[in-house]
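Beneath this line is the structure, given in structure tokens, with notes to follow.
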Amino acid sequence: MTVRAYMKQRVISVQQDSTIEMAAAIIREHHIGTLPVVDLQKKLVGMLRLENLLALVMPDFVHLVEHFEFAHNFGSLEYTKPDPSALKGAVKDIMEDPISVLVDSGVLRAAALLHLRDLRDLPVVDAENTLVGLVSHVDLGVALMTGWELPELSADTGL
Amino acid sequence: MIIQPILATLIFIVCLVLIFTDKLNRAIAAMGGAVLMVVLGLALGFYSEEEAVASIDTNTLGLLLGMMMLVALLEPTGFFQFLAVWVARLSKGRPVRLLVLLGAVTSIVSMFLDNVTTVVLIVPVTILICEILGLNPQPFLISEALLSNTAGVATLVGDPPNVLIASAANLSFIDFLTHSLPFVIVVWFIALLMIRLLFRKELAVIPENSDTVLEFNPNEALKDRKTAVKVLIVIGGALLLFLFEEILHIRPALIALGAAAAGLIVVQPDISTLLKRVEWDVLLFFGALFIMVGGMDQAGVMHGLSSLITKGGSMPPVVLGLILLWVVAISSAFIDNIPITIALIPVVLDLAAAGIDPTPLWWALAFGAGFGGNGTIIGSTANVVVASLSERTRHPITPATWNKRGLPVMLATCAAASILYVLFFPWLSQ
């Protein structure tokens, strides 16, 4: 059971020299959590996660307080917009080092890697480090459930 | 032999320089220095292993350990956060009122409990409150550190130099309440006025979202009310016993450790998690400093210093006290106030042996060590902790920012303390 069979092959990626606002537009338009970053040869060079973009508007206290149940309403802080100049920067300035798997990796190995690094999606590359796909934790989790003996869902169960 | 005091002093100074220049963690530097001192003492025959062990002030260590355990019990209950949220609501989101209330709460708590822990727990909530109100948190953070440092001078358990001085000079909890507390109240308000003045621009901002602060629910910040009440009762009992320590003929260490034991029995926390919250590095630092300074004392350094002072002509005691206050204050601003205090205690004891009344000198030492720490970002542990927490925000506090606000506050408080010292010198000599 390898990653190749379960990955999405039409993967949306961004060039490392693109602007951050372009990457943000792609993420919002396609409703995705992870955007692989590639160079002109389509080699994987980085990863931009939704969290990296949200860090631009997250208040500082989220890094410092463990409990804020006592505050029920954050007022206008809810509508914080990023500093326009921050969005003009290049993707490569805020991207993370890529964590990827080879297209022939086992599904369990990929799932374990996601778990270990606390990620949700994993770019998939070939032996030349060219981006060929992307698997999500749902893709991998469902793949691991392939052999399970589960009840058949039919129309009369309403599911 | 002149070589002994020179080498012993050299070890101590090298340690201070390593700590001051941030080359080595203070506990590690002190431990290395302590071992070197004992080896040197054995080699030159001025310091034995028995003397080294005897130089450790177990009363100070016991008191600190006991108080640290009590704080460790109170920490996870959310009591500190409860206080911050409660005063935030009382302030109705008005900046000046918020600053005064947060400063007052931090000060009152740190008069009785470790001010580093207090600041560590109150600062994150302060940042949250400021962000919701759209205020720059810097004035609030800096004033919490400055005011809690100042207030800590008021009581025997308020800050570590007081614990050291009380133990060496046999000053009681009540002595601090009658001699230090009145001074500190005046000085505290002067510090507050200075802060108000220095931050007048930042505090003139009209906050957004002040309604949301009114919606805060302090009870939701208090995660474990039952435990908090239990621990607070135990701490209250300990404070009550401190008042009677002279009548009961018990030392503060026994009271603090006894209270810690009582707290552990009523709360029964997971002991390994609790012990992780105790600041062992601070205790190690103290122990190692005692051994190092004990070696310097045995090598004759402290005696040399005190005879230098007595030989310098008969200074009026009040002038000697003022000089001590400022020397300690200035050195505490640039170096840790704990080694300064530990090193100066034997000097004062030696002066006492030479016939000078040590009582006013003890108070000068306490005021200098306490108020001096406000001057720079490295002046006190609370300052260091506040600055490092602020580095995780968009408004990190730089050493230059601190100097601009802390130094004037330090100078004003030390000047006020000096005036009071002169005016009330007879009272401080009792």
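Ordering of the structure tokens sets the chain letters (A, B, ...), residue numbers begin anew at 1 in every chain, and ligands are numbered from 1 in the order given.
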
Task: For Leu61 (chain B): contacts at 9 Å, only C-alpha atoms, fewer than 5 positions along chain excluded, given as a list in words - done: Ile56, Gly66, Ala253, Leu283, Phe286 and Gly287 of chain B

Open item on the list: Set the distance at 10 Å and use only C-alpha atoms: which residues neighbour Asp297 (chain B) once local chain neighbours fewer than 3 positions away are removed? I'd like the list as an NGL selection string.
Closed with: :B and (5 or 8-9 or 46-47 or 55 or 291-294 or 300-304 or 343 or 346-347 or 350)

Go ahead and dump the residues you just picked, N, CA and C atoms, as a PDB file, in the first residue's frame.
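So again.pdb came out as:
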```pdb
ATOM      1  N   PRO B   5      43.421  36.460  50.318  1.00  0.00           N
ATOM      2  CA  PRO B   5      42.262  37.314  49.993  1.00  0.00           C
ATOM      3  C   PRO B   5      42.220  37.728  48.531  1.00  0.00           C
ATOM      4  N   ALA B   8      40.907  34.711  46.500  1.00  0.00           N
ATOM      5  CA  ALA B   8      39.501  34.455  46.830  1.00  0.00           C
ATOM      6  C   ALA B   8      38.600  35.504  46.184  1.00  0.00           C
ATOM      7  N   THR B   9      39.024  36.760  46.261  1.00  0.00           N
ATOM      8  CA  THR B   9      38.230  37.829  45.652  1.00  0.00           C
ATOM      9  C   THR B   9      38.182  37.662  44.142  1.00  0.00           C
ATOM     10  N   PHE B  46      43.096  28.008  54.236  1.00  0.00           N
ATOM     11  CA  PHE B  46      42.276  29.009  54.931  1.00  0.00           C
ATOM     12  C   PHE B  46      40.801  28.624  55.030  1.00  0.00           C
ATOM     13  N   TYR B  47      40.388  27.519  54.373  1.00  0.00           N
ATOM     14  CA  TYR B  47      38.955  27.186  54.299  1.00  0.00           C
ATOM     15  C   TYR B  47      38.825  25.672  54.265  1.00  0.00           C
ATOM     16  N   SER B  55      28.963  27.410  56.224  1.00  0.00           N
ATOM     17  CA  SER B  55      28.677  28.766  55.737  1.00  0.00           C
ATOM     18  C   SER B  55      27.344  28.856  54.996  1.00  0.00           C
ATOM     19  N   ILE B 291      28.851  29.447  49.966  1.00  0.00           N
ATOM     20  CA  ILE B 291      30.154  28.778  50.098  1.00  0.00           C
ATOM     21  C   ILE B 291      31.267  29.697  49.590  1.00  0.00           C
ATOM     22  N   MET B 292      30.995  30.375  48.469  1.00  0.00           N
ATOM     23  CA  MET B 292      32.009  31.254  47.893  1.00  0.00           C
ATOM     24  C   MET B 292      32.312  32.418  48.839  1.00  0.00           C
ATOM     25  N   VAL B 293      31.245  33.059  49.312  1.00  0.00           N
ATOM     26  CA  VAL B 293      31.440  34.214  50.185  1.00  0.00           C
ATOM     27  C   VAL B 293      32.023  33.774  51.530  1.00  0.00           C
ATOM     28  N   GLY B 294      31.627  32.585  52.003  1.00  0.00           N
ATOM     29  CA  GLY B 294      32.217  32.047  53.230  1.00  0.00           C
ATOM     30  C   GLY B 294      33.728  31.924  53.081  1.00  0.00           C
ATOM     31  N   GLY B 300      39.802  36.452  54.828  1.00  0.00           N
ATOM     32  CA  GLY B 300      40.066  37.763  55.421  1.00  0.00           C
ATOM     33  C   GLY B 300      39.623  38.945  54.564  1.00  0.00           C
ATOM     34  N   VAL B 301      38.879  38.671  53.471  1.00  0.00           N
ATOM     35  CA  VAL B 301      38.478  39.761  52.570  1.00  0.00           C
ATOM     36  C   VAL B 301      37.506  40.714  53.260  1.00  0.00           C
ATOM     37  N   MET B 302      36.499  40.124  53.925  1.00  0.00           N
ATOM     38  CA  MET B 302      35.457  40.955  54.529  1.00  0.00           C
ATOM     39  C   MET B 302      36.032  41.800  55.666  1.00  0.00           C
ATOM     40  N   HIS B 303      36.954  41.160  56.432  1.00  0.00           N
ATOM     41  CA  HIS B 303      37.579  41.892  57.534  1.00  0.00           C
ATOM     42  C   HIS B 303      38.398  43.058  56.977  1.00  0.00           C
ATOM     43  N   GLY B 304      39.101  42.782  55.892  1.00  0.00           N
ATOM     44  CA  GLY B 304      39.893  43.834  55.252  1.00  0.00           C
ATOM     45  C   GLY B 304      39.020  45.005  54.828  1.00  0.00           C
ATOM     46  N   ALA B 343      27.492  39.040  49.827  1.00  0.00           N
ATOM     47  CA  ALA B 343      28.873  39.453  50.061  1.00  0.00           C
ATOM     48  C   ALA B 343      28.964  40.568  51.098  1.00  0.00           C
ATOM     49  N   PRO B 346      28.596  39.729  55.562  1.00  0.00           N
ATOM     50  CA  PRO B 346      29.732  39.557  56.485  1.00  0.00           C
ATOM     51  C   PRO B 346      30.480  40.864  56.762  1.00  0.00           C
ATOM     52  N   VAL B 347      30.478  41.774  55.792  1.00  0.00           N
ATOM     53  CA  VAL B 347      31.143  43.067  56.019  1.00  0.00           C
ATOM     54  C   VAL B 347      30.413  43.836  57.125  1.00  0.00           C
ATOM     55  N   ASP B 350      31.072  42.325  60.426  1.00  0.00           N
ATOM     56  CA  ASP B 350      32.409  42.671  60.896  1.00  0.00           C
ATOM     57  C   ASP B 350      32.446  44.104  61.452  1.00  0.00           C
TER      58      ASP B 350
END
```

Task: Counting only C-alpha atoms, the residue of B:Gly78, B:Gly103, B:Pro396, B:Pro426 that sits nearest Lys226 (chain B) - done: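 Of B:Gly78, B:Gly103, B:Pro396, B:Pro426, the one nearest Lys226 (chain B) is B:Gly78, counting only C-alpha atoms.
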
Open item on the list: Using only C-alpha atoms, I'd like every residue of chain A that has an atom within 6 Å of chain B; please write them out as a ChimeraX atom specification.
Closed with: /A:60-61,64-65,70-71,73-75

Open item on the list: Residues within 6 Å of region 123-135 of chain A, please, as JSON, numbers by chain. Count only C-alpha atoms; anything in the same chain fewer than 4 positions from it doesn't count.
Closed with: {"A": [7, 8, 9, 11, 42, 43, 44, 100, 101, 102, 103, 139]}

Task: Pick from A:Arg4, A:Gln41, A:Glu21, A:Gln16, whichever lies nearest to Lys88 (chain A) using only C-alpha atoms - done: A:Glu21

- [ ] Rank nothing, just name the residue among B:Ile19, B:Ile419, B:Val386, B:Leu10 nearest to Gln138 (chain B), using only C-alpha atoms.
- [x]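 Between B:Ile19, B:Ile419, B:Val386, B:Leu10, the residue approaching Gln138 (chain B) most closely is B:Val386.
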
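Residues surrounding Trp280 (chain B) within 10 Å are Ala27, Leu65, Met68 and Phe286 of chain B [only C-alpha atoms; sequence separation below 6 positions excluded].
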
Task: 10 Å contact set for Val35 (chain B), only C-alpha atoms, chain neighbours under 4 positions out, as a list in words - done: Ala30, Met31, Val39, Leu40, Gly41, Ala52, Ala288, Ile291 and Met292 of chain B
